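Asks: Provided below: final-v4.pdb, containing PDB, C-alpha atoms and all ligand atoms.
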```
ATOM      1  CA  MET A   9      90.684 106.891 112.233  1.00  0.00           C
ATOM      2  CA  GLN A  10      91.906 103.490 111.084  1.00  0.00           C
ATOM      3  CA  PRO A  11      93.051 102.903 107.492  1.00  0.00           C
ATOM      4  CA  ARG A  12      90.460 101.036 105.481  1.00  0.00           C
ATOM      5  CA  ASP A  13      90.997  97.834 103.514  1.00  0.00           C
ATOM      6  CA  GLY A  14      91.405  98.527  99.839  1.00  0.00           C
ATOM      7  CA  ASP A  15      92.808 102.032 100.243  1.00  0.00           C
ATOM      8  CA  GLU A  16      95.560 102.584  97.686  1.00  0.00           C
ATOM      9  CA  TYR A  17      98.679 104.567  98.603  1.00  0.00           C
ATOM     10  CA  PHE A  18     100.775 105.113  95.481  1.00  0.00           C
ATOM     11  CA  LEU A  19     102.900 107.393  97.639  1.00  0.00           C
ATOM     12  CA  ASP A  20     102.948 105.550 100.936  1.00  0.00           C
ATOM     13  CA  THR A  21     104.585 107.843 103.468  1.00  0.00           C
ATOM     14  CA  PRO A  22     103.739 109.040 106.979  1.00  0.00           C
ATOM     15  CA  VAL A  23     103.029 112.521 105.555  1.00  0.00           C
ATOM     16  CA  VAL A  24     100.414 111.249 103.096  1.00  0.00           C
ATOM     17  CA  ARG A  25      98.877 108.814 105.587  1.00  0.00           C
ATOM     18  CA  GLY A  26      98.724 111.550 108.217  1.00  0.00           C
ATOM     19  CA  PHE A  27      97.086 113.948 105.783  1.00  0.00           C
ATOM     20  CA  VAL A  28      94.468 111.394 104.730  1.00  0.00           C
ATOM     21  CA  THR A  29      93.690 110.711 108.395  1.00  0.00           C
ATOM     22  CA  VAL A  30      93.118 114.438 108.993  1.00  0.00           C
ATOM     23  CA  VAL A  31      90.935 114.652 105.873  1.00  0.00           C
ATOM     24  CA  ARG A  32      88.749 111.733 106.904  1.00  0.00           C
ATOM     25  CA  GLY A  33      88.400 113.026 110.442  1.00  0.00           C
ATOM     26  CA  SER A  34      87.446 116.466 109.116  1.00  0.00           C
ATOM     27  CA  ILE A  35      84.838 115.068 106.729  1.00  0.00           C
ATOM     28  CA  ALA A  36      83.347 112.873 109.463  1.00  0.00           C
ATOM     29  CA  ALA A  37      83.122 115.812 111.866  1.00  0.00           C
ATOM     30  CA  SER A  38      81.677 118.316 109.380  1.00  0.00           C
ATOM     31  CA  ALA A  39      78.064 118.849 108.404  1.00  0.00           C
ATOM     32  CA  SER A  40      78.867 120.306 104.973  1.00  0.00           C
ATOM     33  CA  ALA A  41      81.484 120.363 102.248  1.00  0.00           C
ATOM     34  CA  GLU A  42      82.297 123.963 103.221  1.00  0.00           C
ATOM     35  CA  GLY A  43      82.835 122.940 106.830  1.00  0.00           C
ATOM     36  CA  ALA A  44      85.039 120.012 105.861  1.00  0.00           C
ATOM     37  CA  CYS A  45      87.158 122.205 103.571  1.00  0.00           C
ATOM     38  CA  ASP A  46      87.617 124.742 106.363  1.00  0.00           C
ATOM     39  CA  ALA A  47      88.708 121.997 108.735  1.00  0.00           C
ATOM     40  CA  ILE A  48      91.190 120.560 106.199  1.00  0.00           C
ATOM     41  CA  ARG A  49      92.724 123.952 105.310  1.00  0.00           C
ATOM     42  CA  PRO A  50      95.587 123.992 107.871  1.00  0.00           C
ATOM     43  CA  ALA A  51      96.777 120.493 106.902  1.00  0.00           C
ATOM     44  CA  PHE A  52      96.515 121.335 103.197  1.00  0.00           C
ATOM     45  CA  ALA A  53      98.511 124.540 103.675  1.00  0.00           C
ATOM     46  CA  GLU A  54     101.154 122.502 105.491  1.00  0.00           C
ATOM     47  CA  LEU A  55     101.374 120.060 102.567  1.00  0.00           C
ATOM     48  CA  LEU A  56     101.844 122.911 100.085  1.00  0.00           C
ATOM     49  CA  ALA A  57     104.544 124.460 102.281  1.00  0.00           C
ATOM     50  CA  ASP A  58     106.500 121.209 102.771  1.00  0.00           C
ATOM     51  CA  PRO A  59     109.329 121.059 100.187  1.00  0.00           C
ATOM     52  CA  ALA A  60     110.191 117.431 100.892  1.00  0.00           C
ATOM     53  CA  TRP A  61     107.092 115.220 100.792  1.00  0.00           C
ATOM     54  CA  LEU A  62     106.555 114.832  97.006  1.00  0.00           C
ATOM     55  CA  PRO A  63     109.184 112.656  95.230  1.00  0.00           C
ATOM     56  CA  PRO A  64     110.481 113.779  91.816  1.00  0.00           C
ATOM     57  CA  GLN A  65     108.596 111.056  89.903  1.00  0.00           C
ATOM     58  CA  PHE A  66     105.306 112.709  90.887  1.00  0.00           C
ATOM     59  CA  GLN A  67     106.576 116.078  89.626  1.00  0.00           C
ATOM     60  CA  ALA A  68     107.326 114.879  86.090  1.00  0.00           C
ATOM     61  CA  ASP A  69     105.753 115.874  82.793  1.00  0.00           C
ATOM     62  CA  ALA A  70     103.926 113.124  80.894  1.00  0.00           C
ATOM     63  CA  PRO A  71     104.222 113.280  77.106  1.00  0.00           C
ATOM     64  CA  GLY A  72     101.226 111.613  75.458  1.00  0.00           C
ATOM     65  CA  SER A  73      98.935 111.875  78.492  1.00  0.00           C
ATOM     66  CA  GLY A  74      95.137 112.083  78.389  1.00  0.00           C
ATOM     67  CA  MET A  75      95.203 115.785  79.222  1.00  0.00           C
ATOM     68  CA  GLY A  76      97.440 116.635  76.254  1.00  0.00           C
ATOM     69  CA  GLY A  77     100.304 119.153  76.313  1.00  0.00           C
ATOM     70  CA  GLY A  78     102.554 116.805  78.286  1.00  0.00           C
ATOM     71  CA  ILE A  79     100.336 117.296  81.336  1.00  0.00           C
ATOM     72  CA  GLY A  80     100.791 114.625  83.982  1.00  0.00           C
ATOM     73  CA  GLN A  81      98.169 113.627  86.527  1.00  0.00           C
ATOM     74  CA  TRP A  82      99.831 111.436  89.162  1.00  0.00           C
ATOM     75  CA  LEU A  83      97.692 109.538  91.643  1.00  0.00           C
ATOM     76  CA  LEU A  84      99.079 109.579  95.195  1.00  0.00           C
ATOM     77  CA  PHE A  85      96.162 108.152  97.187  1.00  0.00           C
ATOM     78  CA  ARG A  86      92.751 106.742  96.400  1.00  0.00           C
ATOM     79  CA  ALA A  87      90.129 105.571  98.885  1.00  0.00           C
ATOM     80  CA  ALA A  88      88.810 102.024  98.582  1.00  0.00           C
ATOM     81  CA  ASP A  89      85.315 103.291  97.797  1.00  0.00           C
ATOM     82  CA  ARG A  90      86.707 105.893  95.343  1.00  0.00           C
ATOM     83  CA  SER A  91      85.173 108.709  97.376  1.00  0.00           C
ATOM     84  CA  LEU A  92      88.502 110.494  97.784  1.00  0.00           C
ATOM     85  CA  SER A  93      91.616 111.002  95.688  1.00  0.00           C
ATOM     86  CA  LEU A  94      94.853 112.923  96.157  1.00  0.00           C
ATOM     87  CA  PHE A  95      96.906 113.656  93.053  1.00  0.00           C
ATOM     88  CA  SER A  96      99.506 116.006  91.620  1.00  0.00           C
ATOM     89  CA  LEU A  97      98.914 117.744  88.292  1.00  0.00           C
ATOM     90  CA  VAL A  98     102.058 118.709  86.381  1.00  0.00           C
ATOM     91  CA  VAL A  99     101.582 121.281  83.605  1.00  0.00           C
ATOM     92  CA  PRO A 100     104.729 122.002  81.549  1.00  0.00           C
ATOM     93  CA  SER A 101     105.816 125.579  80.951  1.00  0.00           C
ATOM     94  CA  GLY A 102     103.538 127.236  78.377  1.00  0.00           C
ATOM     95  CA  SER A 103     101.051 124.322  78.312  1.00  0.00           C
ATOM     96  CA  GLU A 104      97.439 124.683  79.331  1.00  0.00           C
ATOM     97  CA  THR A 105      94.690 122.262  80.254  1.00  0.00           C
ATOM     98  CA  PRO A 106      91.501 122.093  78.232  1.00  0.00           C
ATOM     99  CA  VAL A 107      88.533 123.843  79.858  1.00  0.00           C
ATOM    100  CA  HIS A 108      87.238 121.070  82.134  1.00  0.00           C
ATOM    101  CA  ASP A 109      85.088 120.265  85.147  1.00  0.00           C
ATOM    102  CA  HIS A 110      85.725 118.052  88.199  1.00  0.00           C
ATOM    103  CA  LEU A 111      82.245 117.043  89.416  1.00  0.00           C
ATOM    104  CA  ALA A 112      83.333 116.854  93.048  1.00  0.00           C
ATOM    105  CA  TRP A 113      84.237 119.160  95.902  1.00  0.00           C
ATOM    106  CA  GLY A 114      87.652 119.447  97.477  1.00  0.00           C
ATOM    107  CA  LEU A 115      90.763 121.581  97.746  1.00  0.00           C
ATOM    108  CA  VAL A 116      93.161 122.588  94.963  1.00  0.00           C
ATOM    109  CA  GLY A 117      96.444 124.397  95.565  1.00  0.00           C
ATOM    110  CA  LEU A 118      99.679 125.311  93.853  1.00  0.00           C
ATOM    111  CA  TYR A 119     102.882 123.594  95.006  1.00  0.00           C
ATOM    112  CA  ARG A 120     105.480 124.701  92.437  1.00  0.00           C
ATOM    113  CA  GLY A 121     105.679 127.207  89.577  1.00  0.00           C
ATOM    114  CA  THR A 122     103.023 129.762  88.688  1.00  0.00           C
ATOM    115  CA  GLN A 123      99.711 129.516  86.837  1.00  0.00           C
ATOM    116  CA  ASP A 124      97.075 131.707  85.290  1.00  0.00           C
ATOM    117  CA  GLU A 125      93.630 130.285  85.918  1.00  0.00           C
ATOM    118  CA  GLU A 126      90.380 131.139  84.162  1.00  0.00           C
ATOM    119  CA  ILE A 127      87.135 130.127  85.826  1.00  0.00           C
ATOM    120  CA  PHE A 128      83.961 129.812  83.801  1.00  0.00           C
ATOM    121  CA  ALA A 129      80.303 129.830  84.738  1.00  0.00           C
ATOM    122  CA  GLU A 130      77.755 127.908  82.690  1.00  0.00           C
ATOM    123  CA  ARG A 131      74.729 129.971  81.700  1.00  0.00           C
ATOM    124  CA  ASP A 132      72.034 128.600  79.397  1.00  0.00           C
ATOM    125  CA  GLY A 133      74.443 126.148  77.804  1.00  0.00           C
ATOM    126  CA  THR A 134      77.130 128.731  77.134  1.00  0.00           C
ATOM    127  CA  LEU A 135      80.247 129.592  79.099  1.00  0.00           C
ATOM    128  CA  ALA A 136      81.039 132.988  80.521  1.00  0.00           C
ATOM    129  CA  LEU A 137      84.416 133.901  81.978  1.00  0.00           C
ATOM    130  CA  ALA A 138      83.692 134.453  85.651  1.00  0.00           C
ATOM    131  CA  GLU A 139      87.153 135.126  87.012  1.00  0.00           C
ATOM    132  CA  SER A 140      90.832 135.195  86.057  1.00  0.00           C
ATOM    133  CA  ARG A 141      93.471 134.810  88.690  1.00  0.00           C
ATOM    134  CA  ALA A 142      97.214 134.317  88.959  1.00  0.00           C
ATOM    135  CA  LEU A 143      98.355 131.604  91.345  1.00  0.00           C
ATOM    136  CA  ARG A 144     101.632 131.330  93.228  1.00  0.00           C
ATOM    137  CA  PRO A 145     102.973 128.443  95.335  1.00  0.00           C
ATOM    138  CA  GLY A 146     100.962 128.139  98.530  1.00  0.00           C
ATOM    139  CA  ASP A 147      97.789 129.606  96.990  1.00  0.00           C
ATOM    140  CA  PHE A 148      94.808 127.290  97.307  1.00  0.00           C
ATOM    141  CA  TYR A 149      91.041 127.305  97.271  1.00  0.00           C
ATOM    142  CA  ALA A 150      88.035 125.160  98.067  1.00  0.00           C
ATOM    143  CA  LEU A 151      86.282 123.952  94.937  1.00  0.00           C
ATOM    144  CA  ILE A 152      82.608 123.375  95.672  1.00  0.00           C
ATOM    145  CA  PRO A 153      80.557 122.706  92.502  1.00  0.00           C
ATOM    146  CA  PRO A 154      79.023 124.376  90.742  1.00  0.00           C
ATOM    147  CA  ARG A 155      81.215 127.211  92.050  1.00  0.00           C
ATOM    148  CA  ASP A 156      84.716 127.141  90.514  1.00  0.00           C
ATOM    149  CA  ASP A 157      84.059 123.731  88.915  1.00  0.00           C
ATOM    150  CA  ILE A 158      84.803 124.713  85.299  1.00  0.00           C
ATOM    151  CA  HIS A 159      88.243 126.131  84.611  1.00  0.00           C
ATOM    152  CA  ARG A 160      91.495 125.919  82.721  1.00  0.00           C
ATOM    153  CA  VAL A 161      95.000 126.564  83.925  1.00  0.00           C
ATOM    154  CA  ARG A 162      98.098 127.609  82.055  1.00  0.00           C
ATOM    155  CA  THR A 163     101.634 127.482  83.381  1.00  0.00           C
ATOM    156  CA  THR A 164     103.336 130.875  83.342  1.00  0.00           C
ATOM    157  CA  SER A 165     106.641 129.893  84.992  1.00  0.00           C
ATOM    158  CA  PRO A 166     109.730 128.723  83.083  1.00  0.00           C
ATOM    159  CA  GLU A 167     109.447 125.453  84.996  1.00  0.00           C
ATOM    160  CA  SER A 168     106.395 123.144  85.097  1.00  0.00           C
ATOM    161  CA  SER A 169     103.668 124.067  87.537  1.00  0.00           C
ATOM    162  CA  ILE A 170     102.577 121.422  90.032  1.00  0.00           C
ATOM    163  CA  SER A 171      99.242 121.636  91.751  1.00  0.00           C
ATOM    164  CA  ILE A 172      97.919 119.338  94.451  1.00  0.00           C
ATOM    165  CA  HIS A 173      94.316 118.186  94.289  1.00  0.00           C
ATOM    166  CA  LEU A 174      92.270 116.627  97.034  1.00  0.00           C
ATOM    167  CA  LEU A 175      88.871 115.799  95.564  1.00  0.00           C
ATOM    168  CA  THR A 176      85.964 113.674  96.721  1.00  0.00           C
ATOM    169  CA  ASN A 177      85.827 111.401  93.706  1.00  0.00           C
ATOM    170  CA  ASP A 178      88.234 109.303  91.643  1.00  0.00           C
ATOM    171  CA  THR A 179      88.881 112.342  89.449  1.00  0.00           C
ATOM    172  CA  GLY A 180      91.180 110.686  86.896  1.00  0.00           C
ATOM    173  CA  CYS A 181      88.834 107.773  86.233  1.00  0.00           C
ATOM    174  CA  VAL A 182      85.354 109.293  86.394  1.00  0.00           C
ATOM    175  CA  TRP A 183      83.834 110.569  83.187  1.00  0.00           C
ATOM    176  CA  ARG A 184      83.604 114.329  83.294  1.00  0.00           C
ATOM    177  CA  HIS A 185      83.669 117.028  80.604  1.00  0.00           C
ATOM    178  CA  THR A 186      85.798 119.312  78.532  1.00  0.00           C
ATOM    179  CA  PHE A 187      84.198 122.434  77.089  1.00  0.00           C
ATOM    180  CA  ASP A 188      84.640 124.576  74.021  1.00  0.00           C
ATOM    181  CA  PRO A 189      84.952 128.003  75.664  1.00  0.00           C
ATOM    182  CA  GLU A 190      83.474 129.748  72.599  1.00  0.00           C
ATOM    183  CA  SER A 191      80.376 127.624  71.986  1.00  0.00           C
ATOM    184  CA  GLY A 192      79.990 126.130  75.474  1.00  0.00           C
ATOM    185  CA  GLU A 193      79.702 122.709  73.865  1.00  0.00           C
ATOM    186  CA  ARG A 194      80.719 119.884  76.208  1.00  0.00           C
ATOM    187  CA  GLN A 195      82.437 116.612  75.408  1.00  0.00           C
ATOM    188  CA  PRO A 196      82.784 113.517  77.614  1.00  0.00           C
ATOM    189  CA  PHE A 197      86.279 113.445  79.089  1.00  0.00           C
ATOM    190  CA  ARG A 198      88.294 111.054  81.179  1.00  0.00           C
ATOM    191  CA  SER A 199      91.791 112.266  81.973  1.00  0.00           C
ATOM    192  CA  GLY A 200      93.200 109.057  83.447  1.00  0.00           C
ATOM    193  CA  TYR A 201      96.282 108.942  85.658  1.00  0.00           C
ATOM    194  CA  VAL A 202      99.814 108.542  84.331  1.00  0.00           C
ATOM    195  CA  ASN A 203     100.719 105.893  86.902  1.00  0.00           C
ATOM    196  CA  VAL A 204      97.450 104.003  87.433  1.00  0.00           C
ATOM    197  CA  ALA A 205      95.073 102.479  84.897  1.00  0.00           C
ATOM    198  CA  CYS A 206      91.334 102.964  85.310  1.00  0.00           C
ATOM    199  CA  ASP A 207      89.474  99.671  85.913  1.00  0.00           C
ATOM    200  CA  ASP A 208      87.638  99.543  82.630  1.00  0.00           C
ATOM    201  CA  ALA A 209      90.220 101.418  80.535  1.00  0.00           C
TER     202      ALA A 209
HETATM  203 FE    FE A 301      91.080 121.276  87.178  1.00  0.00          FE
END
```
Would you give me this structure, written as structure tokens?
Ligand SMILES: [Fe+2]
Replies:
Amino acid sequence: MQPRDGDEYFLDTPVVRGFVTVVRGSIAASASAEGACDAIRPAFAELLADPAWLPPQFQADAPGSGMGGGIGQWLLFRAADRSLSLFSLVVPSGSETPVHDHLAWGLVGLYRGTQDEEIFAERDGTLALAESRALRPGDFYALIPPRDDIHRVRTTSPESSISIHLLTNDTGCVWRHTFDPESGERQPFRSGYVNVACDDA
């Protein structure tokens, strides 16, 4: 597939361009989000296993970021029509994200460090803990809302954890939600990216 005008590569390398080409081909050839995720899996696993493709500036903490806790969300690629984004999420040791949603399907995997993840299900306006899991580098999953869409992650390694997200929206700039895990109350939330401003920010 040809690159499209207006695509933004904040990390412009053959590895990222090749990955995006595979992703677009997989989406075009698949009848469902599940099918597309299955088709993308080998390329995503390869990205998580490659120690060399992600420069240090995209693995850095970000004091004062929109996520809080020094958490950095670094945009690597964004499609012209904002239907696809690839970003790294850096969570310092001992920090955790708020409980949040994503509002789009895609793949999420751990690149460095370790995380504990808690996944919540929304039932009648309240949140119930649906699953807890420990993630190691190379672990990844398909996120297909509403399944797995509401979660929080906490870094359990002495070094920051870095996860790679491929999602079918402009995750850092769309308005989504954080949740109070006790009451289930939701608040509008826009995380932003450390390295790219949102249009109307
Ligand atoms: Fe998340």
Asks: List as a list of chain:residue names the protein and nucleic acid residues near range 74-90 of chain A, meaning an atom at most 6 Å away when all atoms listed in the file are counted, but skip any in the same chain fewer than 4 places from it.
Replies: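 Neighbouring residues, sequence-local ones excluded: A:Gly14, A:Asp15, A:Glu16, A:Tyr17, A:Phe18, A:Leu19, A:Phe66, A:Asp69, A:Ala70, A:Leu94, A:Phe95, A:Ser96, A:Leu97, A:Val98, A:Val99, A:Ser103, A:Asn177, A:Asp178, A:Ser199, A:Tyr201, A:Val202.
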Asks: Which residues are near ligand FE 301 (chain A) in this structure, taking near to mean any atom at most 12 Å from a ligand atom and counting all atoms listed in the file? Format them as an MDAnalysis selection string.
Replies: chainID A and resid 75 79 81 95:99 104:118 123 125:128 149:151 153 156:162 170:175 179:180 184:186 199
Asks: Kindly indicate which residue among A:Asn203, A:Ser169, A:Thr29, A:Thr21 lies nearest to Gly102 in chain A, using all atoms listed in the file for the distances.
Replies: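 Checking each of A:Asn203, A:Ser169, A:Thr29, A:Thr21 against Gly102 in chain A, counting all atoms listed in the file, the winner is A:Ser169.
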Asks: Determine the residue membership of the PyMOL selection byres (((chain A and resi 31-40) around 12) and not hetatm) for the file above and supply it as JSON, numbers by chain.
Replies: {"A": [9, 10, 11, 12, 24, 25, 26, 27, 28, 29, 30, 41, 42, 43, 44, 45, 46, 47, 48, 49, 50, 51, 52, 87, 91, 92, 93, 94, 113, 114, 115, 152, 174, 175, 176]}
Asks: Would you compute an axis-aligned box for range 159-162 of chain A, covering every atom listed for it in the file with 3 Å of margin on each side, and report centre and edge lengths in Å to one decimal as JSON?
Replies:
```
{"center_x": 93.2, "center_y": 126.8, "center_z": 83.3, "size_x": 15.9, "size_y": 7.7, "size_z": 8.6}
```
Asks: For Ser73 in chain A, which residue among A:Asp124, A:Pro59, A:Leu143, A:Gly200 is the nearest when counting only C-alpha atoms?
Replies: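 Closest to Ser73 in chain A of all the choices is A:Gly200.
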Asks: State, in Å with one decimal place, the distance from CA of Arg198 in chain A to CA of Thr163 in chain A.
Replies: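 Separation between CA of Arg198 in chain A and CA of Thr163 in chain A: 21.3 Å.
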Asks: For Glu167 in chain A, which of A:Ser101, A:Thr122, A:Ser140, A:Thr134 is the closest residue, counting only C-alpha atoms?
Replies: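 Counting only C-alpha atoms, the residue closest to Glu167 in chain A is A:Ser101.
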Asks: Between CA of Leu62 in chain A and CA of Tyr119 in chain A, what is the distance in Å, rounded to a tenth?
Replies: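 Separation between CA of Leu62 in chain A and CA of Tyr119 in chain A: 9.7 Å.
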Asks: In Å to one decimal, how far is CA of Ser191 in chain A from CA of Glu139 in chain A?
Replies: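 Going from CA of Glu139 in chain A over to CA of Ser191 in chain A, I get 18.1 Å.
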Asks: Counting all atoms listed in the file, which residue out of A:Ala136, A:Trp61, A:Glu190, A:Asp207 sits closest to Asp20 in chain A?
Replies: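 Closest to Asp20 in chain A, using all atoms listed in the file: A:Trp61.
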Asks: For Arg131 in chain A, which residue among A:Pro100, A:Ala60, A:Thr164, A:Gly192 is the nearest when counting only C-alpha atoms?
Replies: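 Checking each candidate against Arg131 in chain A, we get A:Gly192 as the closest.
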